[in-house]
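A.B. asks: The structure is given below, and queries will be raised subsequently.
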Amino acid sequence: MTTNAPAAGTRAYLRLVLFGAVIGAPAALLAASFLALVTTVQRWLWHGVPAAIGQSTPPWYLVLGLPLVGAAIVAAGRKLLPGDGGHKPLAGMSTASLPLREIPGVAVAAFGTLVFGAVLGPEAPLIALGCAVGAVVARLGRLDAKQAGLLTTAGAFSAVSALFGGPLVASFLLVEGGVGMGAALIPALLPGLVAAAVGYLVFVGLGDWGGLGTTALTVPDLPPYPETTVLDLAVAVAVGVVVAVVIGAARRLAAAVEVQSRGRIAVPLFAGALCVGALALAVRALGGDSQDLLFSGQSALPSLDAQTSVWTLVILLVAKALAYAVCLGCGFRGGPIFPSIFLGIGVAMVPAILLGQSPTIAVAVGAAAGMVATTRLLFAPVLFATILVGTGSHDAVPGAVLAAAAAWLTLNAMGGSPTPNTTPA
């Protein structure tokens, strides 16, 4: 992220903030359109097609075959279009701007990943699309390279704001990622904060217009959590440690897969897709739902909240962690954050079932620990966990903080870098 913004209060800086406001709506609309396309095709393939052939769940040949189709699309996007499909998910979250000619390749690779069952999230392609909007506006406004860098970051702010419950979590992600900038950070990020706020209006509405109605990830029907207990805090620390170990192991396995994949595109992708499909079928055979293993895990969070069998849950978590590692390393393109949140909440649900804890504290603790384990951040994960459980459960925040701290310290003790796993523009 560039540190050379115009001096705050000058006409040049106010013009930059105004450009941030201009970017907000189109960046959010582009992100919403992409997500709508992904969701529509995904539902048709995985629910509409089985229903059309008289099946209540996807038959085995779709569970195996659709990820292979997705691998073919990703391989085509990476081979035939510039840019190799965009940022590698194993490298963390990046807000670095891409040349506009590489954006079609990013969209194609992300479409093949997200629609066809690979275990990665949507945040990386949305960031790339938002950055592209910022780059276009900067070019039209004839801004210099340093100011254009600020506007690409502003586009990223706006595009991901709905995924994380509004502009605050997206802002914290970038604030923590750029903390080394010191006092220069606030003026550098202000255009992005304005862009995120304006972009979020696309989802929540303004005045009589109700917006698109697609907002942040939520876990419905969570009961209020009005009272913190010593047991819950102790479990939160343990969950933070376990989640860091699980996701740290998954990332190490992913790194090994990536080493074996270097120099090749198609073969690792097809092998990874076959592995994901086989793991999904194994989960189904052992009593779980194959759809809970596939995809990033956002839409499957309610099934974790409703889970009552520790055996089924543990099987799902082991298979999900393996599938996540394979998808991180074999060449799919997407974001690393949401599958780790799913794994974190899943781990937290195990003691919740065994000890009779509230699922609300499990969601808060698991979401915070899972997000920390992937991003190496602290404040953004806790804020996200707080938003996820709702305003009636603020007593769950201390548990989320302890889980986040335990996960961060465990990663550091394991040799993982304590610095944010983000790449600023």
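Identifiers in the structure tokens: chain A, B, ... in order shown; residue index from 1 per chain; ligand index from 1 in order shown.
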Write down as a ChimeraX atom specification the residues belonging to stretch 92-250 of chain A that are assigned alpha helix (DSSP H) by DSSP computed on the backbone.
C.D. replies: /A:103-115,123-140,145-160,167-177,185-204,230-250
A.B. asks: Go through stretch 64-169 of chain A residue by residue and, counting only C-alpha atoms, keep those with an atom at most 7 Å from stretch 376-399 of chain A; for each kept residue give the shortest atom pair and its distance in Å to one decimal, ordered by chain and increasing number, as a Markdown table.
C.D. replies:
```
| residue | atom | partner | partner_atom | distance |
| --- | --- | --- | --- | --- |
| A:Phe164 | CA | A:Phe384 | CA | 6.6 |
| A:Gly165 | CA | A:Ile387 | CA | 6.7 |
| A:Val169 | CA | A:Ala380 | CA | 5.5 |
```
A.B. asks: With N, CA and C atoms retained, export the selected residues as a PDB file, in the first residue's frame.
C.D. replies:
```pdb
ATOM      1  N   PHE A 164     -17.907  -9.268   5.108  1.00  0.00           N
ATOM      2  CA  PHE A 164     -17.460  -9.210   6.496  1.00  0.00           C
ATOM      3  C   PHE A 164     -18.334  -8.308   7.370  1.00  0.00           C
ATOM      4  N   GLY A 165     -19.590  -8.150   6.990  1.00  0.00           N
ATOM      5  CA  GLY A 165     -20.519  -7.439   7.860  1.00  0.00           C
ATOM      6  C   GLY A 165     -20.440  -5.941   7.787  1.00  0.00           C
ATOM      7  N   VAL A 169     -15.019  -4.388   9.421  1.00  0.00           N
ATOM      8  CA  VAL A 169     -14.112  -5.531   9.422  1.00  0.00           C
ATOM      9  C   VAL A 169     -13.146  -5.452   8.247  1.00  0.00           C
TER      10      VAL A 169
END
```
A.B. asks: Under the rule that only C-alpha atoms are counted, which of A:Leu16, A:Ala236, A:Val363, A:Ala271 is the nearest residue to A:Gly149?
C.D. replies: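 Ranked by minimum distance to A:Gly149, first place goes to A:Leu16.
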A.B. asks: Hey, which bits of stretch 309-415 of chain A sit within 8 Å of stretch 72-93 of chain A, and for each residue what's the closest pair of atoms and how far apart in Å (one decimal), counting only C-alpha atoms, rows by chain and increasing number, as a tab-separated table?
C.D. replies:
```
residue	atom	partner	partner_atom	distance
A:Leu328	CA	A:Leu90	CA	5.5
A:Gly329	CA	A:Leu90	CA	6.7
A:Gly331	CA	A:Lys88	CA	7.6
A:Phe332	CA	A:Val74	CA	6.6
A:Arg333	CA	A:Pro89	CA	6.3
A:Gly334	CA	A:Pro89	CA	5.9
A:Gly335	CA	A:Pro89	CA	5.5
A:Pro336	CA	A:Pro89	CA	5.7
A:Thr374	CA	A:Gly92	CA	7.4
A:Thr375	CA	A:Gly92	CA	6.8
```
A.B. asks: Just the residues within 6 Å of stretch 26-39 of chain A, please, counting only C-alpha atoms, with nothing from its chain fewer than 3 positions along; format it as a PyMOL selection string.
C.D. replies: chain A and resi 23+42+115+126+130+133+155+158-159+199
A.B. asks: Using only all heavy atoms, please write the residues we just selected to a file, as a compact mmCIF listing (two decimals), in the first residue's frame.
C.D. replies:
```
# COMPACT_ATOMS: atom_id res chain seq x y z
N ILE A 23 -16.07 5.26 -6.40
CA ILE A 23 -15.73 3.85 -6.61
C ILE A 23 -16.66 2.91 -5.86
O ILE A 23 -16.96 1.81 -6.33
CB ILE A 23 -14.27 3.61 -6.16
CG1 ILE A 23 -13.31 4.21 -7.16
CG2 ILE A 23 -13.97 2.12 -5.99
CD1 ILE A 23 -11.88 4.21 -6.68
N GLN A 42 -24.22 -22.36 -9.09
CA GLN A 42 -23.95 -23.37 -8.07
C GLN A 42 -25.23 -24.08 -7.66
O GLN A 42 -25.28 -25.32 -7.58
CB GLN A 42 -23.29 -22.70 -6.86
CG GLN A 42 -22.78 -23.64 -5.80
CD GLN A 42 -22.24 -22.85 -4.62
OE1 GLN A 42 -22.92 -22.66 -3.61
NE2 GLN A 42 -21.01 -22.36 -4.74
N VAL A 115 -17.83 -22.39 -7.97
CA VAL A 115 -19.08 -23.02 -8.39
C VAL A 115 -19.03 -24.54 -8.27
O VAL A 115 -20.02 -25.18 -7.90
CB VAL A 115 -19.41 -22.62 -9.84
CG1 VAL A 115 -20.55 -23.47 -10.41
CG2 VAL A 115 -19.79 -21.14 -9.90
N LEU A 126 -13.09 -11.23 -5.23
CA LEU A 126 -13.82 -9.97 -5.02
C LEU A 126 -12.84 -8.82 -4.83
O LEU A 126 -13.07 -7.70 -5.33
CB LEU A 126 -14.75 -10.09 -3.81
CG LEU A 126 -15.90 -11.08 -3.93
CD1 LEU A 126 -16.87 -10.90 -2.77
CD2 LEU A 126 -16.64 -10.93 -5.25
N GLY A 130 -12.71 -5.55 -7.19
CA GLY A 130 -12.80 -4.20 -6.63
C GLY A 130 -11.59 -3.37 -6.99
O GLY A 130 -11.71 -2.18 -7.32
N VAL A 133 -11.95 -1.98 -10.49
CA VAL A 133 -12.80 -0.79 -10.57
C VAL A 133 -12.00 0.44 -10.16
O VAL A 133 -12.06 1.50 -10.80
CB VAL A 133 -14.06 -0.95 -9.70
CG1 VAL A 133 -14.85 0.36 -9.66
CG2 VAL A 133 -14.93 -2.08 -10.23
N GLY A 155 -11.23 0.28 -3.90
CA GLY A 155 -12.12 -0.67 -4.56
C GLY A 155 -12.18 -1.99 -3.84
O GLY A 155 -13.25 -2.61 -3.72
N SER A 158 -14.47 -1.77 -0.77
CA SER A 158 -15.89 -1.79 -1.10
C SER A 158 -16.37 -3.18 -1.49
O SER A 158 -17.43 -3.63 -1.08
CB SER A 158 -16.18 -0.80 -2.23
OG SER A 158 -17.55 -0.80 -2.56
N ALA A 159 -15.57 -3.88 -2.28
CA ALA A 159 -16.00 -5.17 -2.81
C ALA A 159 -16.18 -6.22 -1.72
O ALA A 159 -17.04 -7.09 -1.83
CB ALA A 159 -14.99 -5.66 -3.85
N GLY A 199 -20.27 1.67 -0.84
CA GLY A 199 -20.55 0.38 -1.46
C GLY A 199 -21.51 -0.46 -0.65
O GLY A 199 -22.36 -1.18 -1.21
```
A.B. asks: Just the number, please: distance in Å from atom CA of A:Gln260 to atom CA of A:Val283, one decimal.
C.D. replies: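 Distance between the two atoms: 26.2 Å.
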A.B. asks: So what do you get for atom CA of A:Ala118 versus atom CA of A:Leu66, distance-wise?
C.D. replies: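 Separating atom CA of A:Ala118 from atom CA of A:Leu66 is a distance of 9.7 Å.
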A.B. asks: If we count only C-alpha atoms and set the cut-off at 9 Å, which residues sit around A:Pro58, ignoring sequence neighbours fewer than 2 positions away in its own chain? Please answer as a list in words.
C.D. replies: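 Here the qualifying residues turn out to be Leu45, Trp46, His47, Val49, Pro50, Ala51, Gln55, Ser56, Trp60, Tyr61, Leu62, Val63, Ser290 and Gln291 of chain A.
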A.B. asks: Write out as a list of chain:residue names each polymer residue whose atoms come within 7 Å of A:Gly240, counting only C-alpha atoms; drop sequence neighbours fewer than 4 positions from it.
C.D. replies: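 Once the adjacent positions are removed, what remains is A:Ala236, A:Ala244, A:Ala369, A:Ala403, A:Ala404, A:Ala406, A:Ala407.
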A.B. asks: Could you check how far atom CA of A:Thr312 sits from atom CA of A:Ala278, in Å to one decimal?
C.D. replies: 16.7 Å
A.B. asks: Report as a PDB file with N, CA, C and O atoms, in the first residue's frame all protein, DNA and RNA residues lying within 12 Å of A:Ala373, evaluated on only C-alpha atoms, omitting residues in the same chain fewer than 4 positions from it.
C.D. replies:
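Contents of the output file part-v3.pdb:
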```
ATOM      1  N   GLY A  92      -1.854 -16.058   1.185  1.00  0.00           N
ATOM      2  CA  GLY A  92      -2.620 -15.175   2.051  1.00  0.00           C
ATOM      3  C   GLY A  92      -3.525 -14.254   1.260  1.00  0.00           C
ATOM      4  O   GLY A  92      -3.741 -14.438   0.067  1.00  0.00           O
ATOM      5  N   VAL A 239      -9.644 -24.224  22.396  1.00  0.00           N
ATOM      6  CA  VAL A 239     -10.082 -24.212  21.000  1.00  0.00           C
ATOM      7  C   VAL A 239      -9.107 -23.402  20.153  1.00  0.00           C
ATOM      8  O   VAL A 239      -8.747 -23.808  19.034  1.00  0.00           O
ATOM      9  N   GLY A 240      -8.657 -22.253  20.654  1.00  0.00           N
ATOM     10  CA  GLY A 240      -7.702 -21.449  19.910  1.00  0.00           C
ATOM     11  C   GLY A 240      -6.436 -22.225  19.593  1.00  0.00           C
ATOM     12  O   GLY A 240      -5.913 -22.162  18.467  1.00  0.00           O
ATOM     13  N   VAL A 241      -5.935 -22.989  20.556  1.00  0.00           N
ATOM     14  CA  VAL A 241      -4.728 -23.784  20.343  1.00  0.00           C
ATOM     15  C   VAL A 241      -4.977 -24.864  19.296  1.00  0.00           C
ATOM     16  O   VAL A 241      -4.186 -25.045  18.359  1.00  0.00           O
ATOM     17  N   VAL A 242      -6.074 -25.605  19.441  1.00  0.00           N
ATOM     18  CA  VAL A 242      -6.366 -26.705  18.520  1.00  0.00           C
ATOM     19  C   VAL A 242      -6.588 -26.185  17.095  1.00  0.00           C
ATOM     20  O   VAL A 242      -6.090 -26.765  16.122  1.00  0.00           O
ATOM     21  N   VAL A 243      -7.327 -25.105  16.957  1.00  0.00           N
ATOM     22  CA  VAL A 243      -7.597 -24.552  15.629  1.00  0.00           C
ATOM     23  C   VAL A 243      -6.295 -24.123  14.952  1.00  0.00           C
ATOM     24  O   VAL A 243      -6.082 -24.371  13.762  1.00  0.00           O
ATOM     25  N   ALA A 244      -5.412 -23.482  15.709  1.00  0.00           N
ATOM     26  CA  ALA A 244      -4.131 -23.077  15.128  1.00  0.00           C
ATOM     27  C   ALA A 244      -3.331 -24.288  14.667  1.00  0.00           C
ATOM     28  O   ALA A 244      -2.699 -24.260  13.597  1.00  0.00           O
ATOM     29  N   VAL A 245      -3.344 -25.363  15.456  1.00  0.00           N
ATOM     30  CA  VAL A 245      -2.613 -26.576  15.074  1.00  0.00           C
ATOM     31  C   VAL A 245      -3.219 -27.193  13.818  1.00  0.00           C
ATOM     32  O   VAL A 245      -2.505 -27.587  12.878  1.00  0.00           O
ATOM     33  N   VAL A 246      -4.562 -27.276  13.770  1.00  0.00           N
ATOM     34  CA  VAL A 246      -5.239 -27.903  12.628  1.00  0.00           C
ATOM     35  C   VAL A 246      -4.987 -27.110  11.346  1.00  0.00           C
ATOM     36  O   VAL A 246      -4.590 -27.670  10.306  1.00  0.00           O
ATOM     37  N   ILE A 247      -5.202 -25.811  11.403  1.00  0.00           N
ATOM     38  CA  ILE A 247      -5.044 -25.008  10.193  1.00  0.00           C
ATOM     39  C   ILE A 247      -3.567 -24.851   9.827  1.00  0.00           C
ATOM     40  O   ILE A 247      -3.204 -24.833   8.646  1.00  0.00           O
ATOM     41  N   GLY A 248      -2.706 -24.776  10.842  1.00  0.00           N
ATOM     42  CA  GLY A 248      -1.276 -24.757  10.550  1.00  0.00           C
ATOM     43  C   GLY A 248      -0.835 -26.023   9.838  1.00  0.00           C
ATOM     44  O   GLY A 248      -0.049 -25.977   8.880  1.00  0.00           O
ATOM     45  N   ALA A 249      -1.360 -27.179  10.279  1.00  0.00           N
ATOM     46  CA  ALA A 249      -1.035 -28.441   9.616  1.00  0.00           C
ATOM     47  C   ALA A 249      -1.583 -28.469   8.196  1.00  0.00           C
ATOM     48  O   ALA A 249      -0.923 -28.953   7.263  1.00  0.00           O
ATOM     49  N   ALA A 250      -2.810 -27.947   8.019  1.00  0.00           N
ATOM     50  CA  ALA A 250      -3.394 -27.903   6.677  1.00  0.00           C
ATOM     51  C   ALA A 250      -2.561 -27.040   5.743  1.00  0.00           C
ATOM     52  O   ALA A 250      -2.337 -27.394   4.579  1.00  0.00           O
ATOM     53  N   ARG A 251      -2.065 -25.938   6.215  1.00  0.00           N
ATOM     54  CA  ARG A 251      -1.255 -25.050   5.380  1.00  0.00           C
ATOM     55  C   ARG A 251       0.096 -25.683   5.058  1.00  0.00           C
ATOM     56  O   ARG A 251       0.629 -25.510   3.961  1.00  0.00           O
ATOM     57  N   PRO A 336      -8.514 -17.811   1.202  1.00  0.00           N
ATOM     58  CA  PRO A 336      -8.242 -18.803   2.240  1.00  0.00           C
ATOM     59  C   PRO A 336      -9.014 -18.617   3.533  1.00  0.00           C
ATOM     60  O   PRO A 336      -8.922 -19.465   4.429  1.00  0.00           O
ATOM     61  N   ILE A 337      -9.782 -17.544   3.674  1.00  0.00           N
ATOM     62  CA  ILE A 337     -10.298 -17.185   4.989  1.00  0.00           C
ATOM     63  C   ILE A 337     -11.534 -17.992   5.395  1.00  0.00           C
ATOM     64  O   ILE A 337     -11.583 -18.565   6.500  1.00  0.00           O
ATOM     65  N   PHE A 338     -12.545 -18.073   4.552  1.00  0.00           N
ATOM     66  CA  PHE A 338     -13.810 -18.665   4.990  1.00  0.00           C
ATOM     67  C   PHE A 338     -13.735 -20.158   5.295  1.00  0.00           C
ATOM     68  O   PHE A 338     -14.375 -20.622   6.239  1.00  0.00           O
ATOM     69  N   PRO A 339     -12.960 -20.970   4.552  1.00  0.00           N
ATOM     70  CA  PRO A 339     -12.842 -22.367   4.998  1.00  0.00           C
ATOM     71  C   PRO A 339     -12.213 -22.492   6.379  1.00  0.00           C
ATOM     72  O   PRO A 339     -12.584 -23.383   7.156  1.00  0.00           O
ATOM     73  N   SER A 340     -11.276 -21.614   6.707  1.00  0.00           N
ATOM     74  CA  SER A 340     -10.667 -21.686   8.038  1.00  0.00           C
ATOM     75  C   SER A 340     -11.657 -21.254   9.115  1.00  0.00           C
ATOM     76  O   SER A 340     -11.616 -21.772  10.244  1.00  0.00           O
ATOM     77  N   ILE A 341     -12.555 -20.336   8.801  1.00  0.00           N
ATOM     78  CA  ILE A 341     -13.607 -19.969   9.752  1.00  0.00           C
ATOM     79  C   ILE A 341     -14.532 -21.158   9.991  1.00  0.00           C
ATOM     80  O   ILE A 341     -14.911 -21.462  11.136  1.00  0.00           O
ATOM     81  N   PHE A 342     -14.886 -21.869   8.911  1.00  0.00           N
ATOM     82  CA  PHE A 342     -15.714 -23.073   9.052  1.00  0.00           C
ATOM     83  C   PHE A 342     -15.021 -24.098   9.946  1.00  0.00           C
ATOM     84  O   PHE A 342     -15.637 -24.670  10.858  1.00  0.00           O
ATOM     85  N   LEU A 343     -13.741 -24.336   9.701  1.00  0.00           N
ATOM     86  CA  LEU A 343     -13.008 -25.303  10.516  1.00  0.00           C
ATOM     87  C   LEU A 343     -12.936 -24.846  11.975  1.00  0.00           C
ATOM     88  O   LEU A 343     -13.072 -25.657  12.898  1.00  0.00           O
ATOM     89  N   GLY A 344     -12.721 -23.542  12.181  1.00  0.00           N
ATOM     90  CA  GLY A 344     -12.656 -23.041  13.545  1.00  0.00           C
ATOM     91  C   GLY A 344     -13.955 -23.247  14.298  1.00  0.00           C
ATOM     92  O   GLY A 344     -13.961 -23.716  15.453  1.00  0.00           O
ATOM     93  N   GLY A 366     -14.843 -19.996  17.661  1.00  0.00           N
ATOM     94  CA  GLY A 366     -14.320 -20.677  16.487  1.00  0.00           C
ATOM     95  C   GLY A 366     -14.050 -19.739  15.326  1.00  0.00           C
ATOM     96  O   GLY A 366     -13.046 -19.875  14.624  1.00  0.00           O
ATOM     97  N   ALA A 367     -14.943 -18.774  15.096  1.00  0.00           N
ATOM     98  CA  ALA A 367     -14.744 -17.828  14.006  1.00  0.00           C
ATOM     99  C   ALA A 367     -13.492 -16.989  14.235  1.00  0.00           C
ATOM    100  O   ALA A 367     -12.690 -16.765  13.314  1.00  0.00           O
ATOM    101  N   ALA A 368     -13.311 -16.515  15.463  1.00  0.00           N
ATOM    102  CA  ALA A 368     -12.135 -15.693  15.764  1.00  0.00           C
ATOM    103  C   ALA A 368     -10.850 -16.497  15.596  1.00  0.00           C
ATOM    104  O   ALA A 368      -9.897 -16.052  14.950  1.00  0.00           O
ATOM    105  N   ALA A 369     -10.827 -17.711  16.164  1.00  0.00           N
ATOM    106  CA  ALA A 369      -9.612 -18.526  16.084  1.00  0.00           C
ATOM    107  C   ALA A 369      -9.304 -18.929  14.648  1.00  0.00           C
ATOM    108  O   ALA A 369      -8.145 -18.896  14.210  1.00  0.00           O
ATOM    109  N   LEU A 377      -3.900 -12.039  11.860  1.00  0.00           N
ATOM    110  CA  LEU A 377      -4.374 -10.784  12.434  1.00  0.00           C
ATOM    111  C   LEU A 377      -5.066 -11.070  13.762  1.00  0.00           C
ATOM    112  O   LEU A 377      -5.361 -12.217  14.097  1.00  0.00           O
ATOM    113  N   LEU A 378      -5.374 -10.021  14.535  1.00  0.00           N
ATOM    114  CA  LEU A 378      -6.034 -10.202  15.829  1.00  0.00           C
ATOM    115  C   LEU A 378      -7.339  -9.427  15.945  1.00  0.00           C
ATOM    116  O   LEU A 378      -8.370  -9.972  16.322  1.00  0.00           O
ATOM    117  N   PRO A 381     -10.381 -10.355  13.263  1.00  0.00           N
ATOM    118  CA  PRO A 381     -11.114 -11.588  13.582  1.00  0.00           C
ATOM    119  C   PRO A 381     -12.057 -11.447  14.772  1.00  0.00           C
ATOM    120  O   PRO A 381     -13.166 -11.976  14.750  1.00  0.00           O
ATOM    121  N   ALA A 403      -9.586 -16.883  22.541  1.00  0.00           N
ATOM    122  CA  ALA A 403      -9.350 -17.859  21.478  1.00  0.00           C
ATOM    123  C   ALA A 403      -8.422 -17.290  20.409  1.00  0.00           C
ATOM    124  O   ALA A 403      -7.509 -17.972  19.924  1.00  0.00           O
ATOM    125  N   ALA A 404      -8.656 -16.027  20.041  1.00  0.00           N
ATOM    126  CA  ALA A 404      -7.798 -15.386  19.041  1.00  0.00           C
ATOM    127  C   ALA A 404      -6.367 -15.277  19.550  1.00  0.00           C
ATOM    128  O   ALA A 404      -5.404 -15.565  18.816  1.00  0.00           O
ATOM    129  N   ALA A 405      -6.212 -14.869  20.801  1.00  0.00           N
ATOM    130  CA  ALA A 405      -4.865 -14.736  21.375  1.00  0.00           C
ATOM    131  C   ALA A 405      -4.172 -16.090  21.448  1.00  0.00           C
ATOM    132  O   ALA A 405      -2.976 -16.207  21.127  1.00  0.00           O
ATOM    133  N   ALA A 406      -4.909 -17.123  21.860  1.00  0.00           N
ATOM    134  CA  ALA A 406      -4.318 -18.463  21.960  1.00  0.00           C
ATOM    135  C   ALA A 406      -3.892 -18.969  20.586  1.00  0.00           C
ATOM    136  O   ALA A 406      -2.823 -19.580  20.436  1.00  0.00           O
ATOM    137  N   ALA A 407      -4.717 -18.727  19.585  1.00  0.00           N
ATOM    138  CA  ALA A 407      -4.368 -19.158  18.232  1.00  0.00           C
ATOM    139  C   ALA A 407      -3.125 -18.433  17.731  1.00  0.00           C
ATOM    140  O   ALA A 407      -2.214 -19.048  17.149  1.00  0.00           O
ATOM    141  N   TRP A 408      -3.050 -17.138  17.950  1.00  0.00           N
ATOM    142  CA  TRP A 408      -1.899 -16.350  17.494  1.00  0.00           C
ATOM    143  C   TRP A 408      -0.613 -16.798  18.173  1.00  0.00           C
ATOM    144  O   TRP A 408       0.426 -16.975  17.531  1.00  0.00           O
ATOM    145  N   LEU A 409      -0.676 -16.996  19.495  1.00  0.00           N
ATOM    146  CA  LEU A 409       0.512 -17.433  20.228  1.00  0.00           C
ATOM    147  C   LEU A 409       0.942 -18.838  19.811  1.00  0.00           C
ATOM    148  O   LEU A 409       2.139 -19.133  19.724  1.00  0.00           O
ATOM    149  N   THR A 410      -0.028 -19.696  19.551  1.00  0.00           N
ATOM    150  CA  THR A 410       0.299 -21.063  19.119  1.00  0.00           C
ATOM    151  C   THR A 410       0.981 -21.055  17.762  1.00  0.00           C
ATOM    152  O   THR A 410       1.962 -21.776  17.547  1.00  0.00           O
ATOM    153  N   LEU A 411       0.471 -20.257  16.844  1.00  0.00           N
ATOM    154  CA  LEU A 411       1.112 -20.150  15.539  1.00  0.00           C
ATOM    155  C   LEU A 411       2.553 -19.671  15.674  1.00  0.00           C
ATOM    156  O   LEU A 411       3.464 -20.177  14.999  1.00  0.00           O
ATOM    157  N   ASN A 412       2.765 -18.707  16.552  1.00  0.00           N
ATOM    158  CA  ASN A 412       4.112 -18.190  16.764  1.00  0.00           C
ATOM    159  C   ASN A 412       5.019 -19.274  17.343  1.00  0.00           C
ATOM    160  O   ASN A 412       6.165 -19.444  16.915  1.00  0.00           O
ATOM    161  N   MET A 414       4.685 -22.444  16.946  1.00  0.00           N
ATOM    162  CA  MET A 414       4.890 -23.482  15.929  1.00  0.00           C
ATOM    163  C   MET A 414       5.864 -23.049  14.844  1.00  0.00           C
ATOM    164  O   MET A 414       6.208 -23.838  13.963  1.00  0.00           O
ATOM    165  N   GLY A 416       5.191 -20.353  12.852  1.00  0.00           N
ATOM    166  CA  GLY A 416       4.505 -19.530  11.881  1.00  0.00           C
ATOM    167  C   GLY A 416       4.807 -18.076  12.130  1.00  0.00           C
ATOM    168  O   GLY A 416       4.989 -17.638  13.255  1.00  0.00           O
ATOM    169  N   SER A 417       4.877 -17.304  11.062  1.00  0.00           N
ATOM    170  CA  SER A 417       5.202 -15.882  11.219  1.00  0.00           C
ATOM    171  C   SER A 417       4.090 -15.173  11.968  1.00  0.00           C
ATOM    172  O   SER A 417       2.912 -15.328  11.669  1.00  0.00           O
ATOM    173  N   PRO A 418       4.407 -14.371  13.011  1.00  0.00           N
ATOM    174  CA  PRO A 418       3.385 -13.610  13.721  1.00  0.00           C
ATOM    175  C   PRO A 418       2.919 -12.383  12.954  1.00  0.00           C
ATOM    176  O   PRO A 418       2.020 -11.694  13.387  1.00  0.00           O
ATOM    177  N   THR A 419       3.558 -12.089  11.823  1.00  0.00           N
ATOM    178  CA  THR A 419       3.162 -10.918  11.045  1.00  0.00           C
ATOM    179  C   THR A 419       1.914 -11.220  10.235  1.00  0.00           C
ATOM    180  O   THR A 419       1.650 -12.377   9.910  1.00  0.00           O
ATOM    181  N   PRO A 420       1.126 -10.213   9.902  1.00  0.00           N
ATOM    182  CA  PRO A 420      -0.114 -10.459   9.140  1.00  0.00           C
ATOM    183  C   PRO A 420       0.153 -11.185   7.833  1.00  0.00           C
ATOM    184  O   PRO A 420       1.067 -10.844   7.089  1.00  0.00           O
ATOM    185  N   ASN A 421      -0.702 -12.169   7.556  1.00  0.00           N
ATOM    186  CA  ASN A 421      -0.598 -12.948   6.320  1.00  0.00           C
ATOM    187  C   ASN A 421      -1.412 -12.245   5.242  1.00  0.00           C
ATOM    188  O   ASN A 421      -2.356 -12.800   4.697  1.00  0.00           O
TER     189      ASN A 421
END
```
